[in-house]
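J.: File name target05.cif; file contents mmCIF, C-alpha atoms; full text below.
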data_query
loop_
_atom_site.label_atom_id
_atom_site.label_comp_id
_atom_site.auth_asym_id
_atom_site.auth_seq_id
_atom_site.Cartn_x
_atom_site.Cartn_y
_atom_site.Cartn_z
CA MET A 14 -206.45 -200.05 75.21
CA HIS A 15 -208.43 -201.37 72.27
CA ILE A 16 -210.64 -204.35 71.39
CA LYS A 17 -211.63 -205.88 68.07
CA ARG A 18 -214.70 -204.15 66.69
CA LYS A 19 -216.41 -207.44 65.89
CA THR A 20 -216.32 -208.38 69.58
CA ILE A 21 -217.94 -205.21 70.98
CA PRO A 22 -221.06 -205.78 73.13
CA ILE A 23 -224.42 -205.55 71.37
CA PHE A 24 -225.42 -202.43 73.31
CA TRP A 25 -222.58 -200.23 71.97
CA PRO A 26 -223.96 -197.42 69.74
CA VAL A 27 -221.44 -198.09 66.94
CA PRO A 28 -221.51 -200.54 64.00
CA LYS A 29 -219.51 -203.76 64.06
CA THR A 30 -218.15 -202.98 60.60
CA GLY A 31 -215.37 -200.46 59.97
CA THR A 32 -211.92 -200.20 61.48
CA LYS A 33 -210.57 -203.43 62.96
CA TYR A 34 -210.15 -202.02 66.47
CA VAL A 35 -212.09 -199.60 68.68
CA ALA A 36 -211.31 -198.02 72.04
CA ALA A 37 -212.07 -200.13 75.10
CA PRO A 38 -213.26 -198.85 78.49
CA THR A 39 -210.57 -198.69 81.19
CA HIS A 40 -212.79 -200.99 83.32
CA ASN A 41 -216.37 -202.38 83.36
CA GLN A 42 -215.64 -203.48 79.80
CA TYR A 43 -218.78 -205.59 79.38
CA SER A 44 -221.23 -203.13 80.95
CA SER A 45 -220.10 -199.75 79.62
CA VAL A 46 -219.06 -197.68 76.62
CA PRO A 47 -215.79 -195.68 76.57
CA LEU A 48 -216.21 -191.93 76.95
CA ILE A 49 -214.53 -191.16 73.62
CA ILE A 50 -217.18 -193.15 71.73
CA PHE A 51 -219.94 -190.96 73.13
CA VAL A 52 -218.18 -187.59 72.91
CA ARG A 53 -216.52 -188.06 69.51
CA ASP A 54 -218.78 -190.47 67.63
CA PHE A 55 -222.22 -189.99 69.23
CA LEU A 56 -222.37 -186.33 70.28
CA LYS A 57 -219.63 -185.20 67.86
CA ILE A 58 -218.43 -182.58 70.34
CA VAL A 59 -214.80 -183.38 69.48
CA LYS A 60 -213.15 -184.71 66.33
CA ASN A 61 -210.26 -186.63 67.85
CA LYS A 62 -208.43 -187.75 71.01
CA LYS A 63 -206.40 -184.53 71.18
CA GLU A 64 -209.51 -182.36 71.42
CA LEU A 65 -211.05 -184.67 74.03
CA LYS A 66 -207.87 -184.65 76.13
CA LYS A 67 -207.96 -180.85 76.11
CA LEU A 68 -211.54 -180.78 77.43
CA LEU A 69 -210.65 -183.30 80.12
CA SER A 70 -207.57 -181.33 81.20
CA GLU A 71 -209.80 -178.26 81.57
CA LYS A 72 -212.28 -180.30 83.67
CA LYS A 73 -215.09 -179.58 81.24
CA ILE A 74 -216.55 -183.10 81.26
CA LEU A 75 -218.16 -184.66 84.32
CA ILE A 76 -219.53 -188.15 84.87
CA ASN A 77 -221.91 -188.36 87.81
CA GLY A 78 -220.71 -184.97 88.97
CA LYS A 79 -216.98 -185.72 88.95
CA PRO A 80 -214.33 -184.45 86.48
CA ILE A 81 -212.90 -187.24 84.33
CA LYS A 82 -209.26 -187.54 83.24
CA GLU A 83 -209.26 -190.64 80.99
CA ILE A 84 -210.52 -190.57 77.42
CA ASN A 85 -211.64 -194.20 77.68
CA TYR A 86 -213.38 -193.82 81.05
CA PRO A 87 -216.42 -196.15 81.15
CA VAL A 88 -219.88 -194.66 80.76
CA CYS A 89 -222.29 -197.11 82.38
CA PHE A 90 -226.06 -197.48 82.28
CA PHE A 91 -227.82 -194.50 83.93
CA ASP A 92 -224.60 -192.49 84.28
CA SER A 93 -224.96 -188.73 83.80
CA LEU A 94 -222.57 -187.04 81.38
CA SER A 95 -222.27 -183.28 81.90
CA PHE A 96 -220.71 -180.43 79.92
CA PRO A 97 -221.24 -177.43 82.28
CA SER A 98 -219.42 -174.94 80.05
CA ILE A 99 -222.00 -175.41 77.28
CA LYS A 100 -224.87 -176.27 79.67
CA LYS A 101 -225.52 -179.70 78.18
CA TYR A 102 -226.42 -182.70 80.32
CA TYR A 103 -227.15 -186.29 79.30
CA ARG A 104 -228.19 -189.65 80.76
CA ALA A 105 -226.96 -192.99 79.38
CA VAL A 106 -230.09 -195.05 78.68
CA LEU A 107 -231.05 -198.15 76.71
CA GLU A 108 -232.99 -197.58 73.51
CA ASN A 109 -233.51 -200.31 70.90
CA LYS A 110 -230.89 -202.44 72.70
CA ARG A 111 -228.30 -199.67 72.39
CA LEU A 112 -226.79 -197.53 75.14
CA VAL A 113 -227.40 -193.96 74.00
CA LEU A 114 -227.42 -190.49 75.53
CA LYS A 115 -230.69 -188.74 76.34
CA GLU A 116 -230.61 -185.04 77.18
CA ILE A 117 -231.66 -184.19 80.74
CA THR A 118 -231.69 -181.14 83.03
CA GLU A 119 -228.81 -179.97 85.18
CA LYS A 120 -230.76 -180.95 88.31
CA GLU A 121 -231.36 -184.47 87.00
CA SER A 122 -227.63 -184.85 86.30
CA ASN A 123 -226.88 -184.61 90.02
CA SER A 124 -228.51 -187.96 90.79
CA LYS A 125 -228.27 -191.55 89.59
CA ILE A 126 -230.03 -194.83 90.35
CA TYR A 127 -227.78 -197.64 91.59
CA ARG A 128 -228.48 -201.26 92.44
CA VAL A 129 -227.53 -202.31 95.98
CA ILE A 130 -225.22 -205.30 95.47
CA ASN A 131 -224.69 -206.07 99.17
CA LYS A 132 -224.19 -204.57 102.63
CA LYS A 133 -221.15 -204.69 104.89
CA ILE A 134 -220.89 -203.91 108.59
CA LEU A 135 -217.81 -201.85 109.40
CA PRO A 136 -216.25 -201.04 112.79
CA LYS A 137 -218.48 -199.02 115.16
CA ASN A 138 -221.53 -200.64 113.48
CA LYS A 139 -221.31 -198.43 110.42
CA ILE A 140 -223.06 -199.92 107.39
CA GLN A 141 -221.48 -199.74 103.96
CA LEU A 142 -223.67 -200.19 100.91
CA ASN A 143 -221.84 -201.68 97.94
CA LEU A 144 -223.52 -200.40 94.82
CA SER A 145 -223.42 -201.17 91.12
CA ASP A 146 -220.52 -199.78 89.07
CA GLY A 147 -218.20 -200.26 92.08
CA LYS A 148 -219.53 -197.33 94.13
CA ASN A 149 -219.70 -197.62 97.94
CA ILE A 150 -221.40 -195.36 100.49
CA LEU A 151 -222.05 -195.30 104.23
CA SER A 152 -225.73 -195.16 105.13
CA SER A 153 -228.10 -195.78 108.01
CA GLU A 154 -231.08 -196.21 105.67
CA LYS A 155 -233.09 -199.45 105.83
CA VAL A 156 -232.23 -200.89 102.44
CA ASN A 157 -231.74 -204.48 101.31
CA ALA A 158 -229.44 -206.13 98.79
CA GLY A 159 -231.27 -206.16 95.46
CA ASP A 160 -233.00 -202.83 96.13
CA PHE A 161 -232.19 -199.70 94.15
CA VAL A 162 -231.34 -196.26 95.46
CA LEU A 163 -231.59 -192.85 93.85
CA LEU A 164 -228.37 -191.26 95.03
CA ASN A 165 -227.39 -187.61 95.02
CA ASN A 166 -223.82 -187.93 93.75
CA THR A 167 -222.81 -184.51 95.04
CA GLU A 168 -223.79 -185.22 98.63
CA ASN A 169 -223.60 -189.05 98.56
CA LYS A 170 -227.10 -188.95 100.01
CA ILE A 171 -229.91 -191.41 99.27
CA GLU A 172 -232.94 -189.53 97.96
CA LYS A 173 -235.17 -192.55 97.32
CA ILE A 174 -235.20 -196.32 97.91
CA ILE A 175 -236.82 -198.47 95.22
CA SER A 176 -237.68 -202.13 95.82
CA LEU A 177 -238.62 -204.61 93.10
CA LYS A 178 -242.30 -205.30 93.69
CA LYS A 179 -245.69 -204.99 92.03
CA GLY A 180 -245.98 -201.59 90.35
CA THR A 181 -242.25 -200.83 90.16
CA GLU A 182 -241.18 -199.35 86.81
CA VAL A 183 -238.23 -201.32 85.43
CA ILE A 184 -236.16 -201.81 82.31
CA VAL A 185 -234.62 -205.08 81.15
CA ILE A 186 -230.85 -204.67 80.77
CA LYS A 187 -229.91 -208.20 79.65
CA GLY A 188 -231.40 -211.07 77.69
CA LYS A 189 -233.78 -211.30 74.76
CA ASN A 190 -236.02 -208.53 76.10
CA MET A 191 -233.16 -206.09 76.67
CA GLY A 192 -234.32 -202.48 76.43
CA LYS A 193 -237.99 -203.21 77.08
CA GLN A 194 -239.59 -201.23 79.89
CA GLY A 195 -242.74 -201.52 81.97
CA LYS A 196 -244.31 -202.12 85.36
CA ILE A 197 -243.95 -205.31 87.37
CA LYS A 198 -247.25 -207.24 87.63
CA GLU A 199 -245.88 -209.94 89.93
CA ILE A 200 -242.69 -211.78 90.85
CA VAL A 201 -242.75 -215.59 90.88
CA SER A 202 -240.24 -218.22 91.96
CA GLU A 203 -238.92 -220.57 89.27
CA GLY A 204 -236.50 -223.01 90.86
CA ASN A 205 -233.56 -221.02 92.17
CA ASN A 206 -234.55 -217.92 90.21
CA PHE A 207 -237.11 -215.16 90.65
CA VAL A 208 -238.86 -214.02 87.49
CA ALA A 209 -240.84 -210.81 87.09
CA LYS A 210 -243.91 -210.63 84.89
CA ILE A 211 -243.82 -207.17 83.36
CA GLU A 212 -246.53 -205.23 81.53
CA SER A 213 -244.75 -203.39 78.71
CA LYS A 214 -245.82 -201.57 75.55
CA GLU A 215 -245.04 -204.77 73.65
CA GLY A 216 -247.30 -206.82 75.92
CA GLU A 217 -246.44 -209.00 78.90
CA ILE A 218 -242.82 -210.13 79.11
CA ASN A 219 -240.88 -212.22 81.62
CA ALA A 220 -237.40 -211.45 82.92
CA ASN A 221 -235.12 -212.69 85.67
CA ILE A 222 -235.01 -210.02 88.37
CA LYS A 223 -231.20 -210.09 88.10
CA ASN A 224 -231.62 -208.63 84.61
CA LEU A 225 -233.83 -205.74 85.72
CA PHE A 226 -233.01 -202.16 86.64
CA ALA A 227 -235.43 -199.79 88.36
CA VAL A 228 -236.07 -196.55 86.49
CA GLY A 229 -237.83 -194.46 89.09
#
Take the structure I supplied and represent it as structure tokens, if you would.
T.:
Amino acid sequence: MHIKRKTIPIFWPVPKTGTKYVAAPTHNQYSSVPLIIFVRDFLKIVKNKKELKKLLSEKKILINGKPIKEINYPVCFFDSLSFPSIKKYYRAVLENKRLVLKEITEKESNSKIYRVINKKILPKNKIQLNLSDGKNILSSEKVNAGDFVLLNNTENKIEKIISLKKGTEVIVIKGKNMGKQGKIKEIVSEGNNFVAKIESKEGEINANIKNLFAVG
């Protein structure tokens, strides 16, 4: 699957000029970058699709701890991208409004922060947490929709719960302040929306809490 290069989201780490079409993610098209873009064009670990397919068939590329089979698999914000055979590990992060890969440790690659989209009560009073990027887990932790969880992807275990409140470190993932990071000073109500006042390196900025992502 491909899309026109001129229509790619602003956060993709590739120019809008060049070939007419570029690879499109298999899903999460407007919140992710296809794996081949990162491995071939950003990291330059492979030169073409054939080389990437070979690595995938040998299970040498993991996203959030799981082997990937599709060359256009979506790499989303805060995903970990691992190459165990060469001991290289990366995190997808926003820098200068672009989703790029930052090198991390093997231990860090085992966990990822997710937003809690909502909760669902299953039979026998089991609670399912529906997380960002389509991930779901069962948990007895006291967590609310809109919170964030640091999840160990290997064990599907919550290591930390992060609520949006004064002092929480966040990054703006949408809007004019996309990519800016800082600590929440306060959250105020503006009509039907809640807006966070954030102290960043660039000074105080405002952002709808729906456009924020906790970073730790």
J.: Once the PyMOL selection byres ((chain A and resi 44) around 12) has been evaluated on this model, what residues remain selected, and can you format them as a PDB file with C-alpha atoms, in the frame of the given file?
T.:
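File expr_37.pdb, as written:
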ATOM      1  CA  ILE A  21    -217.940-205.210  70.980  1.00  0.00           C
ATOM      2  CA  PRO A  22    -221.060-205.780  73.130  1.00  0.00           C
ATOM      3  CA  ILE A  23    -224.420-205.550  71.370  1.00  0.00           C
ATOM      4  CA  PHE A  24    -225.420-202.430  73.310  1.00  0.00           C
ATOM      5  CA  TRP A  25    -222.580-200.230  71.970  1.00  0.00           C
ATOM      6  CA  ALA A  37    -212.070-200.130  75.100  1.00  0.00           C
ATOM      7  CA  PRO A  38    -213.260-198.850  78.490  1.00  0.00           C
ATOM      8  CA  THR A  39    -210.570-198.690  81.190  1.00  0.00           C
ATOM      9  CA  HIS A  40    -212.790-200.990  83.320  1.00  0.00           C
ATOM     10  CA  ASN A  41    -216.370-202.380  83.360  1.00  0.00           C
ATOM     11  CA  GLN A  42    -215.640-203.480  79.800  1.00  0.00           C
ATOM     12  CA  TYR A  43    -218.780-205.590  79.380  1.00  0.00           C
ATOM     13  CA  SER A  45    -220.100-199.750  79.620  1.00  0.00           C
ATOM     14  CA  VAL A  46    -219.060-197.680  76.620  1.00  0.00           C
ATOM     15  CA  PRO A  47    -215.790-195.680  76.570  1.00  0.00           C
ATOM     16  CA  PRO A  87    -216.420-196.150  81.150  1.00  0.00           C
ATOM     17  CA  VAL A  88    -219.880-194.660  80.760  1.00  0.00           C
ATOM     18  CA  CYS A  89    -222.290-197.110  82.380  1.00  0.00           C
ATOM     19  CA  PHE A  90    -226.060-197.480  82.280  1.00  0.00           C
ATOM     20  CA  PHE A  91    -227.820-194.500  83.930  1.00  0.00           C
ATOM     21  CA  ASP A  92    -224.600-192.490  84.280  1.00  0.00           C
ATOM     22  CA  ALA A 105    -226.960-192.990  79.380  1.00  0.00           C
ATOM     23  CA  LEU A 107    -231.050-198.150  76.710  1.00  0.00           C
ATOM     24  CA  ARG A 111    -228.300-199.670  72.390  1.00  0.00           C
ATOM     25  CA  LEU A 112    -226.790-197.530  75.140  1.00  0.00           C
ATOM     26  CA  SER A 145    -223.420-201.170  91.120  1.00  0.00           C
ATOM     27  CA  ASP A 146    -220.520-199.780  89.070  1.00  0.00           C
ATOM     28  CA  GLY A 147    -218.200-200.260  92.080  1.00  0.00           C
ATOM     29  CA  ILE A 186    -230.850-204.670  80.770  1.00  0.00           C
ATOM     30  CA  LYS A 187    -229.910-208.200  79.650  1.00  0.00           C
TER      31      LYS A 187
END
J.: For A:Lys72, list every protein, DNA or RNA residue within 9 Å, evaluated using all atoms listed in the file, and leave out those in the same chain fewer than 5 positions away; present the list as an MDAnalysis selection string.
T.: chainID A and resid 67 79:82
J.: With only C-alpha atoms as the counted atoms, please give the residues lying no more than 12 Å from A:Phe96, apart from itself and same-chain residues fewer than 2 positions off, as number ranges by chain.
T.: A: 52, 56, 58, 68-69, 71-81, 93-94, 98-104, 116-119, 122
J.: Using the chain letters and numbers from the file, give me the residues hit by the PyMOL selection byres ((chain A and resi 175) around 10), as a list in words.
T.: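 Selection result, ordered by chain and number: Ile126, Tyr127, Arg128, Val156, Asn157, Gly159, Asp160, Phe161, Val162, Leu163, Lys173, Ile174, Ser176, Leu177, Lys178, Thr181, Glu182, Ala227, Val228 and Gly229 of chain A.
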J.: So, with all atoms listed in the file as the atoms that count, which of A:Ile16, A:Ile184, A:Ile130, A:Ile50 lies closest to A:Leu144?
T.: A:Ile130
J.: What would the selection look like, as a VMD selection string, if the PyMOL selection byres ((chain A and resi 211) around 10) were run on the coordinates I just shared?
T.: chain A and resid 179 to 185 193 to 200 208 to 210 212 to 214 216 to 220
J.: Figure out the distance between atom CA of A:Lys115 and atom CA of A:Asn224, please, to one decimal in Å.
T.: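 Going from atom CA of A:Asn224 over to atom CA of A:Lys115, I get 21.6 Å.
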